[in-house]
Structure formats: C-alpha cells, structure tokens
$ cat run-v7.txt   # compact mmCIF, C-alpha atoms
# COMPACT_ATOMS: atom_id res chain seq x y z
CA MET V 219 26.11 14.17 -18.84
CA THR V 220 24.51 11.04 -17.50
CA LEU V 221 21.50 10.77 -15.23
CA ARG V 222 23.77 10.09 -12.26
CA HIS V 223 24.77 13.75 -12.33
CA PHE V 224 21.34 14.61 -10.99
CA ARG V 225 21.29 13.56 -7.36
CA LEU V 226 18.01 11.85 -6.48
CA ILE V 227 17.13 10.82 -2.96
CA LEU V 228 13.98 8.91 -2.09
CA TYR V 229 12.75 9.07 1.46
CA HIS V 230 11.18 5.84 2.56
CA THR V 231 11.25 3.62 5.59
CA VAL V 232 11.60 -0.13 5.78
CA LEU V 233 9.20 -1.29 8.48
CA THR V 234 8.99 -4.58 10.33
CA GLU V 235 5.66 -6.40 10.50
CA ALA V 236 5.18 -5.24 14.12
CA GLN V 237 5.82 -1.64 13.07
CA LEU V 238 3.32 -1.99 10.23
CA MET V 239 0.67 -3.21 12.67
CA ARG V 240 1.30 -0.24 14.97
CA ARG V 241 1.34 2.09 12.00
CA GLN V 242 -2.16 1.05 10.90
CA LYS V 243 -3.40 3.64 13.37
CA SER V 244 -1.54 6.69 12.23
CA LYS V 245 -0.39 9.23 14.76
CA TRP V 246 -1.93 11.79 12.45
CA SER V 247 -5.39 10.20 12.57
CA GLU V 248 -6.33 12.08 15.73
CA PHE V 249 -5.81 15.34 13.82
CA SER V 250 -8.05 14.27 10.94
CA LYS V 251 -11.15 14.62 13.14
CA ASN V 252 -10.84 18.39 13.22
CA LYS V 253 -13.26 19.92 10.67
CA SER V 254 -11.34 23.20 10.30
CA TYR V 255 -8.62 21.59 8.13
CA LYS V 256 -7.99 18.50 6.03
CA LEU V 257 -4.82 16.39 6.02
CA ARG V 258 -3.68 14.65 2.85
CA ASP V 259 -0.96 12.01 2.53
CA LEU V 260 1.41 13.16 -0.22
CA GLY V 261 3.25 9.84 -0.44
CA ARG V 262 6.98 9.56 -1.06
CA ALA V 263 9.29 12.52 -1.46
CA ALA V 264 11.96 12.68 -4.14
CA VAL V 265 14.77 15.21 -3.68
CA PHE V 266 17.18 16.01 -6.49
CA LEU V 267 19.86 18.56 -7.34
CA ILE V 268 20.36 20.18 -10.75
CA PRO V 269 23.29 22.48 -11.55
CA GLU V 270 22.09 26.08 -11.84
CA LYS V 271 23.98 26.60 -15.10
CA LYS V 272 21.90 23.76 -16.61
CA LEU V 273 18.69 25.37 -15.37
CA ARG V 274 19.52 28.60 -17.23
CA MET V 275 20.01 26.78 -20.55
CA ARG V 276 17.36 27.41 -23.15
CA PHE V 277 15.27 24.57 -24.53
CA LYS V 278 13.17 25.53 -27.53
CA LYS V 279 11.34 28.68 -26.34
CA THR V 280 11.91 28.29 -22.59
CA THR V 281 14.61 27.62 -20.02
CA VAL V 282 15.20 24.21 -18.46
CA ASP V 283 14.16 25.78 -15.14
CA LYS V 284 10.72 26.84 -16.43
CA ARG V 285 10.24 23.57 -18.26
CA LEU V 286 11.03 21.58 -15.09
CA GLN V 287 8.74 23.73 -12.94
CA GLU V 288 5.87 23.31 -15.43
CA PHE V 289 6.47 19.56 -15.56
CA LEU V 290 6.45 19.19 -11.75
CA SER V 291 3.36 21.39 -11.35
CA ARG V 292 1.43 19.63 -14.12
CA ASN V 293 2.29 16.06 -13.05
CA PHE V 294 2.46 16.39 -9.26
CA GLY V 295 0.39 19.44 -8.41
CA GLY V 296 3.34 21.32 -6.93
CA PHE V 297 6.91 21.08 -5.71
CA ARG V 298 9.45 22.81 -3.51
CA PHE V 299 12.83 24.19 -4.44
CA SER V 300 15.61 25.75 -2.47
CA SER V 301 16.99 29.08 -3.56
CA ARG V 302 19.90 28.93 -1.11
CA SER V 303 23.34 28.05 -2.42
CA ASP V 304 23.67 24.27 -2.43
CA PHE V 305 26.64 22.58 -3.99
CA GLY V 306 26.59 19.18 -5.61
CA VAL V 307 29.80 17.18 -5.77
CA TRP V 308 30.28 14.10 -7.97
CA VAL V 309 32.86 12.33 -10.14
CA ASN V 310 32.28 12.71 -13.88
CA ASP V 311 32.92 10.11 -16.60
CA GLN V 312 36.58 11.21 -16.83
CA GLN V 313 37.00 10.58 -13.05
CA VAL V 314 37.28 14.32 -12.34
CA ILE V 315 35.65 15.64 -9.16
CA ILE V 316 33.07 18.26 -10.06
CA LYS V 317 31.60 20.78 -7.61
CA GLU V 318 28.79 22.98 -8.89
CA LYS V 319 26.23 25.36 -7.46
CA CYS V 320 22.93 23.51 -7.65
CA ARG V 321 19.27 24.03 -6.93
CA GLU V 322 17.51 21.44 -4.80
CA TYR V 323 14.01 20.33 -5.83
CA GLU V 324 11.59 18.25 -3.80
CA VAL V 325 8.36 16.71 -5.00
CA SER V 326 6.00 14.19 -3.38
CA PHE V 327 3.96 11.50 -5.08
CA PRO V 328 1.96 8.39 -4.24
CA GLY V 329 3.06 5.05 -5.66
CA LYS V 330 5.94 4.18 -7.96
CA ARG V 331 4.72 5.78 -11.20
CA GLY V 332 5.73 9.23 -9.98
CA LEU V 333 9.33 8.12 -9.66
CA GLU V 334 9.31 6.81 -13.23
CA LEU V 335 7.99 10.14 -14.52
CA ILE V 336 10.65 12.11 -12.65
CA LEU V 337 13.48 9.84 -13.81
CA GLU V 338 12.29 10.01 -17.43
CA GLU V 339 12.14 13.82 -17.36
CA LEU V 340 15.53 14.16 -15.64
CA ALA V 341 17.05 11.79 -18.22
CA LYS V 342 15.65 13.96 -21.05
CA ILE V 343 17.05 17.10 -19.43
CA ALA V 344 20.45 15.43 -18.93
CA ARG V 345 20.59 14.38 -22.62
CA GLU V 346 19.51 17.79 -23.90
CA THR V 347 21.87 19.82 -21.71
CA GLY V 348 24.90 17.61 -22.30
$ encode --input "run-v7.txt" --output "structure tokens"
Amino acid sequence: MTLRHFRLILYHTVLTEAQLMRRQKSKWSEFSKNKSYKLRDLGRAAVFLIPEKKLRMRFKKTTVDKRLQEFLSRNFGGFRFSSRSDFGVWVNDQQVIIKEKCREYEVSFPGKRGLELILEELAKIARETG
C-alpha cells in the first residue's frame, strides 16, 4: 500500500493582498476581549482517512489505531476522529477500484512541520500494514 491510499486533505485559503490587509483585524478579535474564555488559533487542519481493517492490525504490542492516537495526542495535543461509517474509494496499483470502510481523523497544527510529521507517520503505517 502506498501513501496515496491514505486520503489527506489540507484546509487552507489563498488570499489576495487586499484580503490579507482586511484579515489583519480578525473577526474573532472582538471575542478575545472577554476574560471568561481564551481563544487559540490552532492553525491548519489536516483530514485523512484510514481503512478500519488497517487500524485493527497489531503493531508490536499495540494496534495501529492506538499507536496513531498516541502519536496525534503526543505531537499535536489532540485530534478528532469520526466513528460514523465513512467509505474511502481509490484506485490501487493494479488499477482496481477499492471501496473500504474508513475512519476519518482530523488534526490541527501551526506551520508546515506538522504536515511533515503526519506524512512521515502515515507513510510508516502504510509500509507496516502493507
């Protein structure tokens, strides 16, 4: 299995210079004045799907699912996953259309280094699970 079998979507917006100037004053800034709560920019969000059968596979003394959850918690301070039935569809290396029940993960991170960490970990998982 290659890395392309894990669907990764990055949410970002390409802004014009005029939009950047308007964005300097965030719409959220008015809410940051309230002392009863604190807002924190989590940065970019990466969303990816992993087949559930891969998540149940054992790796050393744990499952891929637990390993991934520990990795995301340790490196990003948390994550979100969907327990509803999502299906991923892709064409494998033999040009066969594959449709599998998947779990969707979402994690946010500032800067580009977070993306590198996620891609490296997903590549390891893909190699180890075949």
$ axis_aligned_box --input "run-v7.txt" --around "region 334-337 of chain V" --padding-each-side "6 Å" --output "JSON"
{"center_x": 10.7, "center_y": 9.5, "center_z": -13.6, "size_x": 17.5, "size_y": 17.3, "size_z": 13.9}
$ closest_residue --input "run-v7.txt" --among "V:Asp259, V:Gly348, V:Ile343, V:Lys317" --to "Thr281 (chain V)" --atoms "all atoms listed in the file"
V:Ile343
$ residues_around --input "run-v7.txt" --residues "region 332-340 of chain V" --least-positions-apart "2" --cutoff "8 Å" --atoms "only C-alpha atoms" --output "list in words"
Leu221, Phe224, Ala264, Phe294, Phe327, Pro328, Gly329, Lys330, Lys342, Ile343 and Ala344 of chain V
$ write_last_selection --input "run-v7.txt" --atoms "C-alpha atoms" --output "PDB file, in the coordinates of the input"
ATOM      1  CA  LEU V 221      21.500  10.770 -15.230  1.00  0.00           C
ATOM      2  CA  PHE V 224      21.340  14.610 -10.990  1.00  0.00           C
ATOM      3  CA  ALA V 264      11.960  12.680  -4.140  1.00  0.00           C
ATOM      4  CA  PHE V 294       2.460  16.390  -9.260  1.00  0.00           C
ATOM      5  CA  PHE V 327       3.960  11.500  -5.080  1.00  0.00           C
ATOM      6  CA  PRO V 328       1.960   8.390  -4.240  1.00  0.00           C
ATOM      7  CA  GLY V 329       3.060   5.050  -5.660  1.00  0.00           C
ATOM      8  CA  LYS V 330       5.940   4.180  -7.960  1.00  0.00           C
ATOM      9  CA  LYS V 342      15.650  13.960 -21.050  1.00  0.00           C
ATOM     10  CA  ILE V 343      17.050  17.100 -19.430  1.00  0.00           C
ATOM     11  CA  ALA V 344      20.450  15.430 -18.930  1.00  0.00           C
TER      12      ALA V 344
END
$ residues_near_point --input "run-v7.txt" --point "(24.6, 25.7, -3.9)" --cutoff "10 Å" --atoms "all atoms listed in the file" --output "tab-separated table (two decimals) with C-alpha atoms, in the coordinates of the input"
chain	number	residue	atom	x	y	z
V	267	LEU	CA	19.86	18.56	-7.34
V	268	ILE	CA	20.36	20.18	-10.75
V	269	PRO	CA	23.29	22.48	-11.55
V	270	GLU	CA	22.09	26.08	-11.84
V	300	SER	CA	15.61	25.75	-2.47
V	301	SER	CA	16.99	29.08	-3.56
V	302	ARG	CA	19.90	28.93	-1.11
V	303	SER	CA	23.34	28.05	-2.42
V	304	ASP	CA	23.67	24.27	-2.43
V	305	PHE	CA	26.64	22.58	-3.99
V	306	GLY	CA	26.59	19.18	-5.61
V	317	LYS	CA	31.60	20.78	-7.61
V	318	GLU	CA	28.79	22.98	-8.89
V	319	LYS	CA	26.23	25.36	-7.46
V	320	CYS	CA	22.93	23.51	-7.65
V	321	ARG	CA	19.27	24.03	-6.93
V	322	GLU	CA	17.51	21.44	-4.80
